[in-house]
Amino acid sequence: MKLLSTKIVSKKFKDLLIKNNYQIEEKSFIKILPFKSKSNISILENIIFTSKNAVKIILRNSIIKNNLANKNIYCVGKSTAELIKKNNLNLIKSEDNSKNLSKFILANFKNSKNSFTYFSGKKRIRELENNLKKNNINIIVHEVYDTLLTPIKINDLYDGVIFYSPSAVKSFFKGNNSLNNTYGFCIGNTTAKELYNYSNRFSVAKSNSEENMLESINKYFK
């Protein structure tokens, strides 16, 4: 089976796919554009990351990175959590999606005086921050990057296309009218919600991890 990934995947995931007898081609359908970093931003006692890209960008700023050393960090996604722990930061809680992280924070911080700094992308889903604000939890958002669409016209035939973000879905369909009789695989529900605007031929991984993505692919093909 021949698969197309809408981003460059990790060596670990690529090796897993090859081991399971899949051919994988990788094309970047989005580009991450970091904003000019600022060192004098307010960093509160609790930190939220909902993307690995935001973590990578923040870690490049040594002053901000040092200021994170004693903070409590909450994040979305297994790969985001792994990067945070790899850099010896204090990860308190990781959830599969923003909705679940929002529920956790509301359950544990409602009516408290705790405040949160949220490092995010410009084109984020705003459900988490809106839920916290509606429940009077102080959250300061710092946009650290933008996501640019880089559409590519696909002429080859693929048995499946892997999508990792709503932006990648939008970019794919800017260059292609349909999935061309192939099948889609989504890393999460927000990506699936976007893909549903173009096709109903897709499945969603149980959680935001490469292992569950592989399980979803195997379930369809094997």
# chains A, B, ... in the order shown; residues from 1 in each chain; ligands from 1

call {"tool": "residues_around", "arguments": {"residues": "range 99-110 of chain A", "least_positions_apart": "4", "cutoff": "12 Å", "atoms": "only C-alpha atoms", "output": "short mmCIF file (atom, residue, chain, number, x, y, z; two decimals) with N, CA, C and O atoms, in the first residue's frame"}}
result
data_model
loop_
_atom_site.label_atom_id
_atom_site.label_comp_id
_atom_site.auth_asym_id
_atom_site.auth_seq_id
_atom_site.Cartn_x
_atom_site.Cartn_y
_atom_site.Cartn_z
N ASN A 46 1.50 28.88 35.41
CA ASN A 46 1.07 27.71 34.65
C ASN A 46 1.18 27.99 33.16
O ASN A 46 0.80 29.06 32.69
N ILE A 47 1.68 27.01 32.42
CA ILE A 47 1.94 27.16 30.99
C ILE A 47 1.13 26.14 30.20
O ILE A 47 1.05 24.97 30.60
N ILE A 48 0.57 26.57 29.08
CA ILE A 48 -0.18 25.68 28.19
C ILE A 48 0.48 25.67 26.81
O ILE A 48 0.79 26.72 26.24
N PHE A 49 0.67 24.46 26.29
CA PHE A 49 1.08 24.27 24.89
C PHE A 49 0.07 23.32 24.25
O PHE A 49 -0.22 22.25 24.80
N THR A 50 -0.44 23.68 23.08
CA THR A 50 -1.31 22.76 22.36
C THR A 50 -0.69 22.28 21.06
O THR A 50 -1.34 21.60 20.26
N ILE A 73 3.47 22.82 33.57
CA ILE A 73 3.15 22.82 32.15
C ILE A 73 2.05 21.81 31.84
O ILE A 73 2.06 20.67 32.32
N TYR A 74 1.11 22.24 31.00
CA TYR A 74 -0.02 21.42 30.55
C TYR A 74 0.00 21.44 29.02
O TYR A 74 0.22 22.50 28.42
N CYS A 75 -0.26 20.28 28.40
CA CYS A 75 -0.12 20.26 26.94
C CYS A 75 -1.10 19.32 26.28
O CYS A 75 -1.79 18.53 26.94
N VAL A 76 -1.12 19.40 24.96
CA VAL A 76 -1.94 18.52 24.11
C VAL A 76 -1.01 17.72 23.20
O VAL A 76 -0.13 18.29 22.55
N GLY A 77 -1.21 16.41 23.17
CA GLY A 77 -0.48 15.56 22.23
C GLY A 77 0.70 14.83 22.85
O GLY A 77 1.44 15.39 23.66
N ILE A 92 2.84 18.61 33.99
CA ILE A 92 1.83 18.18 34.97
C ILE A 92 0.78 17.29 34.34
O ILE A 92 0.39 16.26 34.88
N LYS A 93 0.31 17.68 33.15
CA LYS A 93 -0.79 16.93 32.53
C LYS A 93 -0.73 17.05 31.01
O LYS A 93 -0.50 18.14 30.47
N SER A 94 -0.94 15.92 30.34
CA SER A 94 -1.05 15.89 28.88
C SER A 94 -2.38 15.25 28.50
O SER A 94 -2.77 14.24 29.09
N GLU A 95 -3.09 15.84 27.56
CA GLU A 95 -4.35 15.29 27.06
C GLU A 95 -4.27 15.12 25.55
O GLU A 95 -3.41 15.69 24.89
N ASN A 114 -5.34 30.85 40.15
CA ASN A 114 -4.23 30.48 39.27
C ASN A 114 -4.41 31.11 37.89
O ASN A 114 -5.53 31.26 37.39
N SER A 115 -3.28 31.46 37.28
CA SER A 115 -3.29 32.06 35.95
C SER A 115 -2.45 31.23 34.99
O SER A 115 -1.56 30.49 35.41
N PHE A 116 -2.73 31.37 33.70
CA PHE A 116 -2.07 30.56 32.68
C PHE A 116 -1.50 31.44 31.57
O PHE A 116 -2.12 32.40 31.13
N ILE A 125 -7.41 26.60 17.24
CA ILE A 125 -8.80 26.48 17.65
C ILE A 125 -8.92 27.16 19.01
O ILE A 125 -8.15 26.88 19.92
N ARG A 126 -9.87 28.05 19.18
CA ARG A 126 -9.92 28.89 20.38
C ARG A 126 -10.82 28.33 21.49
O ARG A 126 -11.13 29.04 22.46
N GLU A 127 -11.22 27.08 21.38
CA GLU A 127 -12.13 26.49 22.35
C GLU A 127 -11.55 26.53 23.77
O GLU A 127 -12.24 26.89 24.73
N LEU A 128 -10.27 26.16 23.91
CA LEU A 128 -9.67 26.08 25.24
C LEU A 128 -9.65 27.44 25.92
O LEU A 128 -10.11 27.60 27.06
N GLU A 129 -9.10 28.43 25.26
CA GLU A 129 -8.99 29.74 25.91
C GLU A 129 -10.35 30.36 26.17
O GLU A 129 -10.56 31.01 27.21
N ASN A 130 -11.32 30.13 25.26
CA ASN A 130 -12.66 30.66 25.48
C ASN A 130 -13.34 30.02 26.69
O ASN A 130 -14.02 30.70 27.47
N ASN A 131 -13.14 28.71 26.84
CA ASN A 131 -13.73 28.01 28.00
C ASN A 131 -13.15 28.52 29.31
O ASN A 131 -13.87 28.71 30.29
N LEU A 132 -11.83 28.74 29.32
CA LEU A 132 -11.20 29.24 30.55
C LEU A 132 -11.68 30.66 30.87
O LEU A 132 -11.99 30.97 32.03
N LYS A 133 -11.75 31.51 29.87
CA LYS A 133 -12.18 32.90 30.09
C LYS A 133 -13.63 32.94 30.58
O LYS A 133 -13.96 33.73 31.48
N LYS A 134 -14.49 32.09 29.99
CA LYS A 134 -15.89 32.06 30.41
C LYS A 134 -16.05 31.65 31.86
O LYS A 134 -17.02 32.01 32.51
N ASN A 135 -15.08 30.89 32.35
CA ASN A 135 -15.13 30.43 33.74
C ASN A 135 -14.20 31.23 34.65
O ASN A 135 -13.82 30.78 35.73
N ASN A 136 -13.86 32.43 34.19
CA ASN A 136 -13.10 33.40 34.99
C ASN A 136 -11.72 32.90 35.40
O ASN A 136 -11.23 33.22 36.48
N ILE A 137 -11.10 32.10 34.54
CA ILE A 137 -9.72 31.69 34.76
C ILE A 137 -8.83 32.57 33.89
O ILE A 137 -9.03 32.65 32.68
N ASN A 138 -7.89 33.24 34.52
CA ASN A 138 -7.04 34.18 33.79
C ASN A 138 -6.09 33.46 32.85
O ASN A 138 -5.35 32.57 33.27
N ILE A 139 -6.12 33.81 31.57
CA ILE A 139 -5.24 33.20 30.58
C ILE A 139 -4.72 34.29 29.65
O ILE A 139 -5.49 35.09 29.12
N GLY A 188 -6.57 13.56 14.69
CA GLY A 188 -7.45 14.00 15.78
C GLY A 188 -8.78 14.50 15.27
O GLY A 188 -9.00 14.64 14.05
N ASN A 189 -9.68 14.81 16.21
CA ASN A 189 -11.04 15.19 15.84
C ASN A 189 -11.13 16.55 15.16
O ASN A 189 -12.01 16.76 14.32
N THR A 190 -10.26 17.49 15.53
CA THR A 190 -10.32 18.81 14.87
C THR A 190 -9.90 18.70 13.41
O THR A 190 -10.47 19.36 12.54
N SER A 207 -6.13 8.35 19.50
CA SER A 207 -5.49 9.44 20.24
C SER A 207 -4.41 10.05 19.37
O SER A 207 -4.04 9.52 18.33
#

call {"tool": "closest_atom_pairs", "arguments": {"of": "range 145-201 of chain A", "to": "range 19-39 of chain A", "cutoff": "9 Å", "atoms": "only C-alpha atoms", "output": "JSON lines"}}
result
{"residue": "A:Tyr145", "atom": "CA", "partner": "A:Pro34", "partner_atom": "CA", "distance": 4.1}
{"residue": "A:Asp146", "atom": "CA", "partner": "A:Leu33", "partner_atom": "CA", "distance": 5.1}
{"residue": "A:Thr147", "atom": "CA", "partner": "A:Ile32", "partner_atom": "CA", "distance": 4.9}
{"residue": "A:Leu148", "atom": "CA", "partner": "A:Lys31", "partner_atom": "CA", "distance": 5.0}
{"residue": "A:Leu149", "atom": "CA", "partner": "A:Ile30", "partner_atom": "CA", "distance": 4.6}
{"residue": "A:Thr150", "atom": "CA", "partner": "A:Phe29", "partner_atom": "CA", "distance": 4.9}
{"residue": "A:Pro151", "atom": "CA", "partner": "A:Phe29", "partner_atom": "CA", "distance": 5.6}
{"residue": "A:Ile152", "atom": "CA", "partner": "A:Phe29", "partner_atom": "CA", "distance": 6.8}
{"residue": "A:Ser167", "atom": "CA", "partner": "A:Ile30", "partner_atom": "CA", "distance": 7.0}
{"residue": "A:Ala168", "atom": "CA", "partner": "A:Phe29", "partner_atom": "CA", "distance": 5.5}
{"residue": "A:Val169", "atom": "CA", "partner": "A:Phe29", "partner_atom": "CA", "distance": 8.3}
{"residue": "A:Lys170", "atom": "CA", "partner": "A:Phe29", "partner_atom": "CA", "distance": 9.0}
{"residue": "A:Ser171", "atom": "CA", "partner": "A:Phe29", "partner_atom": "CA", "distance": 5.9}
{"residue": "A:Phe172", "atom": "CA", "partner": "A:Phe29", "partner_atom": "CA", "distance": 6.5}

call {"tool": "select_by_dssp", "arguments": {"residues": "range 55-119 of chain A", "states": "alpha helix (DSSP H)", "output": "PyMOL selection string"}}
result
chain A and resi 55-59+62-67+78-86+98-109

call {"tool": "residues_around", "arguments": {"residues": "Ile58 in chain A", "least_positions_apart": "2", "cutoff": "12 Å", "atoms": "only C-alpha atoms", "output": "number ranges by chain"}}
result
A: 34-39, 41, 43, 47-49, 51-56, 60-68, 83-84, 87, 118-121, 142-145

call {"tool": "atom_distance", "arguments": {"atom1": "CA of Ile217 in chain A", "atom2": "CA of Arg124 in chain A"}}
result
26.4 Å

call {"tool": "residues_around", "arguments": {"residues": "range 195-201 of chain A", "least_positions_apart": "3", "cutoff": "8 Å", "atoms": "only C-alpha atoms", "output": "list of chain:residue names"}}
result
A:Pro166, A:Val169, A:Phe173, A:Ser178, A:Leu179, A:Thr182, A:Tyr183, A:Gly184, A:Thr191, A:Ala192

call {"tool": "atom_distance", "arguments": {"atom1": "CA of Lys7 in chain A", "atom2": "CA of Phe163 in chain A"}}
result
7.9 Å

call {"tool": "select_by_dssp", "arguments": {"residues": "range 54-194 of chain A", "states": "strand (DSSP E)", "output": "PyMOL selection string"}}
result
chain A and resi 72-76+91-95+115-121+138-149+160-163+183-186

call {"tool": "atom_distance", "arguments": {"atom1": "CA of Asn72 in chain A", "atom2": "CA of Tyr164 in chain A"}}
result
26.7 Å

call {"tool": "residues_around", "arguments": {"residues": "Tyr158 in chain A", "least_positions_apart": "3", "cutoff": "8 Å", "atoms": "only C-alpha atoms", "output": "short mmCIF file (atom, residue, chain, number, x, y, z; two decimals) with all heavy atoms, in the first residue's frame"}}
result
data_model
loop_
_atom_site.label_atom_id
_atom_site.label_comp_id
_atom_site.auth_asym_id
_atom_site.auth_seq_id
_atom_site.Cartn_x
_atom_site.Cartn_y
_atom_site.Cartn_z
N MET A 1 0.83 -1.20 0.00
CA MET A 1 0.00 0.00 0.00
C MET A 1 0.88 1.26 0.00
O MET A 1 1.88 1.32 0.70
CB MET A 1 -0.91 0.01 1.23
CG MET A 1 -1.92 -1.13 1.26
SD MET A 1 -3.10 -0.94 -0.08
CE MET A 1 -4.00 -2.49 0.07
N LYS A 2 0.46 2.22 -0.77
CA LYS A 2 1.23 3.46 -0.91
C LYS A 2 0.51 4.61 -0.20
O LYS A 2 -0.66 4.90 -0.49
CB LYS A 2 1.41 3.78 -2.40
CG LYS A 2 2.36 4.93 -2.68
CD LYS A 2 2.52 5.10 -4.18
CE LYS A 2 3.45 6.26 -4.52
NZ LYS A 2 3.59 6.43 -5.97
N LEU A 3 1.20 5.24 0.74
CA LEU A 3 0.61 6.31 1.54
C LEU A 3 1.30 7.64 1.27
O LEU A 3 2.50 7.69 0.98
CB LEU A 3 0.73 5.98 3.03
CG LEU A 3 0.12 4.67 3.51
CD1 LEU A 3 0.44 4.46 4.98
CD2 LEU A 3 -1.38 4.65 3.27
N LEU A 4 0.53 8.72 1.41
CA LEU A 4 1.07 10.07 1.34
C LEU A 4 0.88 10.73 2.70
O LEU A 4 -0.24 10.76 3.24
CB LEU A 4 0.35 10.89 0.27
CG LEU A 4 0.67 12.39 0.25
CD1 LEU A 4 2.12 12.64 -0.16
CD2 LEU A 4 -0.29 13.14 -0.68
N VAL A 161 -4.09 8.90 2.46
CA VAL A 161 -3.45 10.19 2.73
C VAL A 161 -3.57 10.48 4.23
O VAL A 161 -4.67 10.38 4.80
CB VAL A 161 -4.09 11.34 1.93
CG1 VAL A 161 -3.38 12.66 2.23
CG2 VAL A 161 -4.06 11.04 0.43
N THR A 182 -9.10 7.78 -2.94
CA THR A 182 -8.25 7.23 -1.89
C THR A 182 -8.96 7.40 -0.55
O THR A 182 -10.14 7.74 -0.49
CB THR A 182 -6.87 7.90 -1.90
OG1 THR A 182 -6.01 7.21 -1.02
CG2 THR A 182 -6.95 9.37 -1.49
#
